[in-house]
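First the structure, in the form of C-alpha cells, and then the observations on it.
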Amino acid sequence: MATMDATAETAPPPAKPYLFHRHALAVRVTHWVNALAIFLLIMTGLNIFNAHPMLYWGEYGANPDVARQWLQIGADTNAAGQDFGFLRIGSLTVETTGVLGLSTGSNGAPSYIGYPSWATFPSYRDLATARTFHFFFAWVLIINGWLYLAFSLASGHLKKDLLPKLKELSIGNIVHDIVQHARLKFPKGEEAKRYHILQKLAYGGVVLVLIPGVILTGLTMSPGTNAAWPWLVELFGGRPSARSLHFVFANLIILFIIVHLLMVVLAGPINEIRSMITGKFRVDPETAA
Ligand code: HEM
C-alpha cells in the first residue's frame, strides 16, 4: 500500500519514445517483393500498351473498330502544321504533348509513342522484351500474393488489421478521417499504432480488389488460360474488354501508389519506411495517449 500511495503522489516520469513492433516479417518481405514486381509490371505494361495505344469494349478490337474504341493515345498535326500528342477518352480529347502521344525520346529526339520512354521498360520500343519481363513479374506477383494472403489469413492480420469493423464504416467516422487527412492531421501516439478507416479501405481495396482484378484480367488475355478456363473470357465480356479493364485496374493501382507514397512522406517517411523494413515503429512520447 505504501508503494502505491507513494506512486500516486509522485508526478509520472516523462514519457520516453518507444519502439513498437508494427509489421510482421512476412508482411515486410511480401510488401517489398510486391512493390518491386508492381513497378516492373507497370513499366513493362506501358511498353506493351504502346504497341497498340487504343482500347476497346466487347469481343473484338483492332484499328478499324473505331465504334468500339473508347480510349486512344496518339499524335496528330494541327492547322498550323505543328505536331501534337493527345489522349482521347470517348468524345473528350485532351492535348498531352510532352507526356502522352508525343514526347522527347531517350535520345533527345521527338518520339511519337503512347507513354514516354522514361515511364516504360525497356525505354525503347521492344515488345518481346517487355512481354518476357511482364509475364515473369506477373508470376512473382501471383506467388507472392498467395503467400501474403495465406499469412494474413492464418495470423489474423487480414481480419484484425485490414478489414474495417462495422462501426468504423459509419459515415461520420469516414468523413472525420477524410477531414483529418485534408487538414494533414495524422493519428499520433497510441492511435498511430493501428490503421484507420481510409488506410484500411485503401489497403484492403488494393489487396482484395485491384490486385486480384489486374491478375484475372491479365490471365483472360492469355491464350493458354483461355483454353483452360474459357469462362474467364465470358466473365469479362471478351478479350478487348478484359484488356480495357486490365488498363483501368492498373491505373487505379498507379493512383493508389501516388497517394500511398504521398501519405508515407507526410506521415513521417523515416519512421514509416523503417517500420516496413525492420518492423519497428517509433511512438512519439509527447504525443502518446
Ligand atoms: C517504394 C514504394 C513503396 C513504399 C516506400 C511503401 C511504403 C509503405 C509503408 C511505410 C507501409 C506501412 C504503412 C503504415 O504502417 O502505416 C506500407 C504498407 C502497405 N503498402 Fe506500401 N510502399 C510502397 C509501394 C507499395 C506498392 C507498389 C503497393 C501495392 C500496389 C503497396 C501496398 C501496400 C499495402 C497493401 C500496405 C499495407 C500492408 C499490410 O499491412 O498488410 N505499397 N507501404
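Residue numbers start at 1 in each chain; chains themselves are named A, B, ... in the order of the C-alpha cells; ligands are numbered from 1 in the order shown.
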
May I ask you to write as an MDAnalysis selection string all residues lying at most 7 Å from ligand 1, with only C-alpha atoms and all ligand atoms counted?
chainID A and resid 22:23 27 31 34:35 38:39 162 195 203:204 206:207 253 256:257 260:261 264 272:273 275:276

Write a file of the just-selected residues containing C-alpha atoms, as a PDB file, in the first residue's frame.
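Resulting contents of selection39.pdb:
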ATOM      1  CA  ARG A  22       4.237  -2.896 -36.208  1.00  0.00           C
ATOM      2  CA  HIS A  23       4.800  -5.209 -39.206  1.00  0.00           C
ATOM      3  CA  VAL A  27       4.233  -8.707 -44.375  1.00  0.00           C
ATOM      4  CA  HIS A  31       5.370  -5.917 -49.346  1.00  0.00           C
ATOM      5  CA  ASN A  34       5.155  -6.851 -54.331  1.00  0.00           C
ATOM      6  CA  ALA A  35       6.388  -3.251 -54.741  1.00  0.00           C
ATOM      7  CA  ILE A  38       4.363  -3.905 -59.449  1.00  0.00           C
ATOM      8  CA  PHE A  39       6.832  -1.203 -60.513  1.00  0.00           C
ATOM      9  CA  LEU A 162      -7.036  -4.657 -42.581  1.00  0.00           C
ATOM     10  CA  TYR A 195      -4.703   1.524 -39.427  1.00  0.00           C
ATOM     11  CA  TYR A 203      -5.036  -1.301 -48.423  1.00  0.00           C
ATOM     12  CA  GLY A 204      -7.993  -3.705 -48.401  1.00  0.00           C
ATOM     13  CA  VAL A 206      -5.663  -2.891 -53.315  1.00  0.00           C
ATOM     14  CA  VAL A 207      -5.090  -6.323 -51.783  1.00  0.00           C
ATOM     15  CA  ILE A 253      -3.097   0.865 -58.748  1.00  0.00           C
ATOM     16  CA  PHE A 256      -3.075   4.214 -55.142  1.00  0.00           C
ATOM     17  CA  ILE A 257       0.767   4.246 -55.319  1.00  0.00           C
ATOM     18  CA  HIS A 260       0.326   5.896 -50.766  1.00  0.00           C
ATOM     19  CA  LEU A 261       3.774   7.437 -51.278  1.00  0.00           C
ATOM     20  CA  VAL A 264       4.143   7.927 -46.292  1.00  0.00           C
ATOM     21  CA  GLU A 272       7.139   4.746 -41.751  1.00  0.00           C
ATOM     22  CA  ILE A 273       9.726   3.176 -44.065  1.00  0.00           C
ATOM     23  CA  SER A 275       8.684   0.146 -39.826  1.00  0.00           C
ATOM     24  CA  MET A 276       8.266  -1.599 -43.187  1.00  0.00           C
TER      25      MET A 276
END

Write out as a count of residues only the residues lying within 8 Å of region 214-225 of chain A, counting only C-alpha atoms and excluding same-chain residues fewer than 5 positions away.
13

If we count only C-alpha atoms and set the cut-off at 8 Å, which residues sit around Ile73 (chain A), ignoring sequence neighbours fewer than 2 positions away in its own chain? Please answer as a PyMOL selection string.
chain A and resi 53-54+71+75+85-88+100-101+114

Go ahead and save the picked residues with N, CA and C atoms, as a PDB file, in the first residue's frame.
ATOM      1  N   PRO A  53      -1.758   1.626 -78.754  1.00  0.00           N
ATOM      2  CA  PRO A  53      -2.264   2.506 -77.674  1.00  0.00           C
ATOM      3  C   PRO A  53      -3.740   2.872 -77.838  1.00  0.00           C
ATOM      4  N   MET A  54      -4.568   1.876 -77.966  1.00  0.00           N
ATOM      5  CA  MET A  54      -6.019   2.064 -78.102  1.00  0.00           C
ATOM      6  C   MET A  54      -6.716   0.963 -77.309  1.00  0.00           C
ATOM      7  N   LEU A  71     -10.718   4.520 -75.916  1.00  0.00           N
ATOM      8  CA  LEU A  71      -9.545   5.296 -75.499  1.00  0.00           C
ATOM      9  C   LEU A  71      -8.460   5.199 -76.562  1.00  0.00           C
ATOM     10  N   ALA A  75      -0.808  10.892 -81.866  1.00  0.00           N
ATOM     11  CA  ALA A  75      -0.244  12.182 -82.274  1.00  0.00           C
ATOM     12  C   ALA A  75      -0.906  12.596 -83.575  1.00  0.00           C
ATOM     13  N   GLY A  85       0.610  15.743 -79.278  1.00  0.00           N
ATOM     14  CA  GLY A  85       0.171  14.465 -78.719  1.00  0.00           C
ATOM     15  C   GLY A  85      -1.208  14.642 -78.111  1.00  0.00           C
ATOM     16  N   PHE A  86      -1.990  13.580 -78.089  1.00  0.00           N
ATOM     17  CA  PHE A  86      -3.325  13.701 -77.483  1.00  0.00           C
ATOM     18  C   PHE A  86      -3.736  12.414 -76.778  1.00  0.00           C
ATOM     19  N   LEU A  87      -4.677  12.577 -75.842  1.00  0.00           N
ATOM     20  CA  LEU A  87      -5.349  11.452 -75.180  1.00  0.00           C
ATOM     21  C   LEU A  87      -6.826  11.643 -75.469  1.00  0.00           C
ATOM     22  N   ARG A  88      -7.462  10.615 -76.054  1.00  0.00           N
ATOM     23  CA  ARG A  88      -8.901  10.696 -76.313  1.00  0.00           C
ATOM     24  C   ARG A  88      -9.616   9.634 -75.495  1.00  0.00           C
ATOM     25  N   LEU A 100       2.097  12.325 -73.307  1.00  0.00           N
ATOM     26  CA  LEU A 100       1.471  11.188 -73.999  1.00  0.00           C
ATOM     27  C   LEU A 100       1.379  11.482 -75.504  1.00  0.00           C
ATOM     28  N   GLY A 101       1.636  10.481 -76.318  1.00  0.00           N
ATOM     29  CA  GLY A 101       1.477  10.624 -77.770  1.00  0.00           C
ATOM     30  C   GLY A 101       2.696  11.196 -78.450  1.00  0.00           C
ATOM     31  N   GLY A 114       2.983   6.268 -77.358  1.00  0.00           N
ATOM     32  CA  GLY A 114       1.945   6.468 -76.341  1.00  0.00           C
ATOM     33  C   GLY A 114       2.514   7.039 -75.047  1.00  0.00           C
TER      34      GLY A 114
END

Check the DSSP output for the backbone and give back, as a PDB file with C-alpha atoms, in the first residue's frame, the residues of region 13-209 of chain A in strand (DSSP E or B).
ATOM      1  CA  TYR A  18       9.491   3.622 -27.607  1.00  0.00           C
ATOM      2  CA  LEU A  19       9.622   1.197 -30.490  1.00  0.00           C
ATOM      3  CA  PHE A  20       6.519  -0.796 -31.259  1.00  0.00           C
ATOM      4  CA  HIS A  21       6.534  -3.971 -33.374  1.00  0.00           C
ATOM      5  CA  MET A  54      -6.019   2.064 -78.102  1.00  0.00           C
ATOM      6  CA  LEU A  55      -8.664   0.279 -76.024  1.00  0.00           C
ATOM      7  CA  TYR A  56     -11.986  -1.304 -76.969  1.00  0.00           C
ATOM      8  CA  GLN A  69     -12.772   2.163 -79.289  1.00  0.00           C
ATOM      9  CA  TRP A  70     -13.123   4.178 -76.091  1.00  0.00           C
ATOM     10  CA  LEU A  71      -9.545   5.296 -75.499  1.00  0.00           C
ATOM     11  CA  GLN A  72      -6.688   6.313 -77.751  1.00  0.00           C
ATOM     12  CA  ILE A  73      -3.297   7.901 -77.182  1.00  0.00           C
ATOM     13  CA  GLY A  74      -1.754   9.284 -80.353  1.00  0.00           C
ATOM     14  CA  ALA A  75      -0.244  12.182 -82.274  1.00  0.00           C
ATOM     15  CA  ASP A  76      -1.655  14.447 -84.974  1.00  0.00           C
ATOM     16  CA  THR A  77      -0.826  17.664 -86.837  1.00  0.00           C
ATOM     17  CA  ASP A  83       2.571  18.004 -84.353  1.00  0.00           C
ATOM     18  CA  PHE A  84       0.882  17.416 -81.005  1.00  0.00           C
ATOM     19  CA  GLY A  85       0.171  14.465 -78.719  1.00  0.00           C
ATOM     20  CA  PHE A  86      -3.325  13.701 -77.483  1.00  0.00           C
ATOM     21  CA  LEU A  87      -5.349  11.452 -75.180  1.00  0.00           C
ATOM     22  CA  ARG A  88      -8.901  10.696 -76.313  1.00  0.00           C
ATOM     23  CA  ILE A  89     -11.432   9.138 -73.962  1.00  0.00           C
ATOM     24  CA  LEU A  92     -13.216  14.033 -74.934  1.00  0.00           C
ATOM     25  CA  THR A  93      -9.795  14.867 -76.396  1.00  0.00           C
ATOM     26  CA  VAL A  94      -7.023  16.437 -74.333  1.00  0.00           C
ATOM     27  CA  GLU A  95      -3.713  17.700 -75.711  1.00  0.00           C
ATOM     28  CA  SER A 103       7.301  13.298 -76.076  1.00  0.00           C
ATOM     29  CA  THR A 104      11.088  13.556 -76.023  1.00  0.00           C
ATOM     30  CA  PRO A 110      10.778  13.787 -80.639  1.00  0.00           C
ATOM     31  CA  SER A 111       9.188  10.403 -80.012  1.00  0.00           C
TER      32      SER A 111
END

Looking at only C-alpha atoms, which of A:Phe281, A:Ser241, A:Trp139, A:Gln199 is the one that sits closest to Gly61 (chain A)?
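Of A:Phe281, A:Ser241, A:Trp139, A:Gln199, the one nearest Gly61 (chain A) is A:Ser241, counting only C-alpha atoms.
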
Show me, as a PyMOL selection string, the residues that have an atom within 6 Å of region 117-129 of chain A when counting only C-alpha atoms, minus same-chain residues fewer than 3 positions from it.
chain A and resi 43-44+46-48+105+132

Can you spit out the residues from that selection as a CSV table (one decimal), in the first residue's frame, using N, CA and C atoms?
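Saved the output as part10.csv:
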chain,number,residue,atom,x,y,z
A,43,MET,N,5.9,-0.6,-65.7
A,43,MET,CA,6.7,-0.1,-66.7
A,43,MET,C,6.7,-1.0,-68.0
A,44,THR,N,6.7,-2.3,-67.8
A,44,THR,CA,6.7,-3.2,-68.9
A,44,THR,C,5.3,-3.2,-69.6
A,46,LEU,N,3.3,-0.6,-69.7
A,46,LEU,CA,3.1,0.6,-70.6
A,46,LEU,C,3.9,0.4,-71.9
A,47,ASN,N,5.0,-0.3,-71.9
A,47,ASN,CA,5.7,-0.6,-73.1
A,47,ASN,C,4.8,-1.4,-74.0
A,48,ILE,N,4.2,-2.4,-73.4
A,48,ILE,CA,3.3,-3.3,-74.2
A,48,ILE,C,2.1,-2.5,-74.8
A,105,GLY,N,12.2,11.5,-76.7
A,105,GLY,CA,12.8,10.2,-76.5
A,105,GLY,C,14.1,10.2,-75.7
A,132,THR,N,8.3,-10.5,-72.0
A,132,THR,CA,9.1,-11.5,-71.2
A,132,THR,C,9.1,-11.1,-69.8
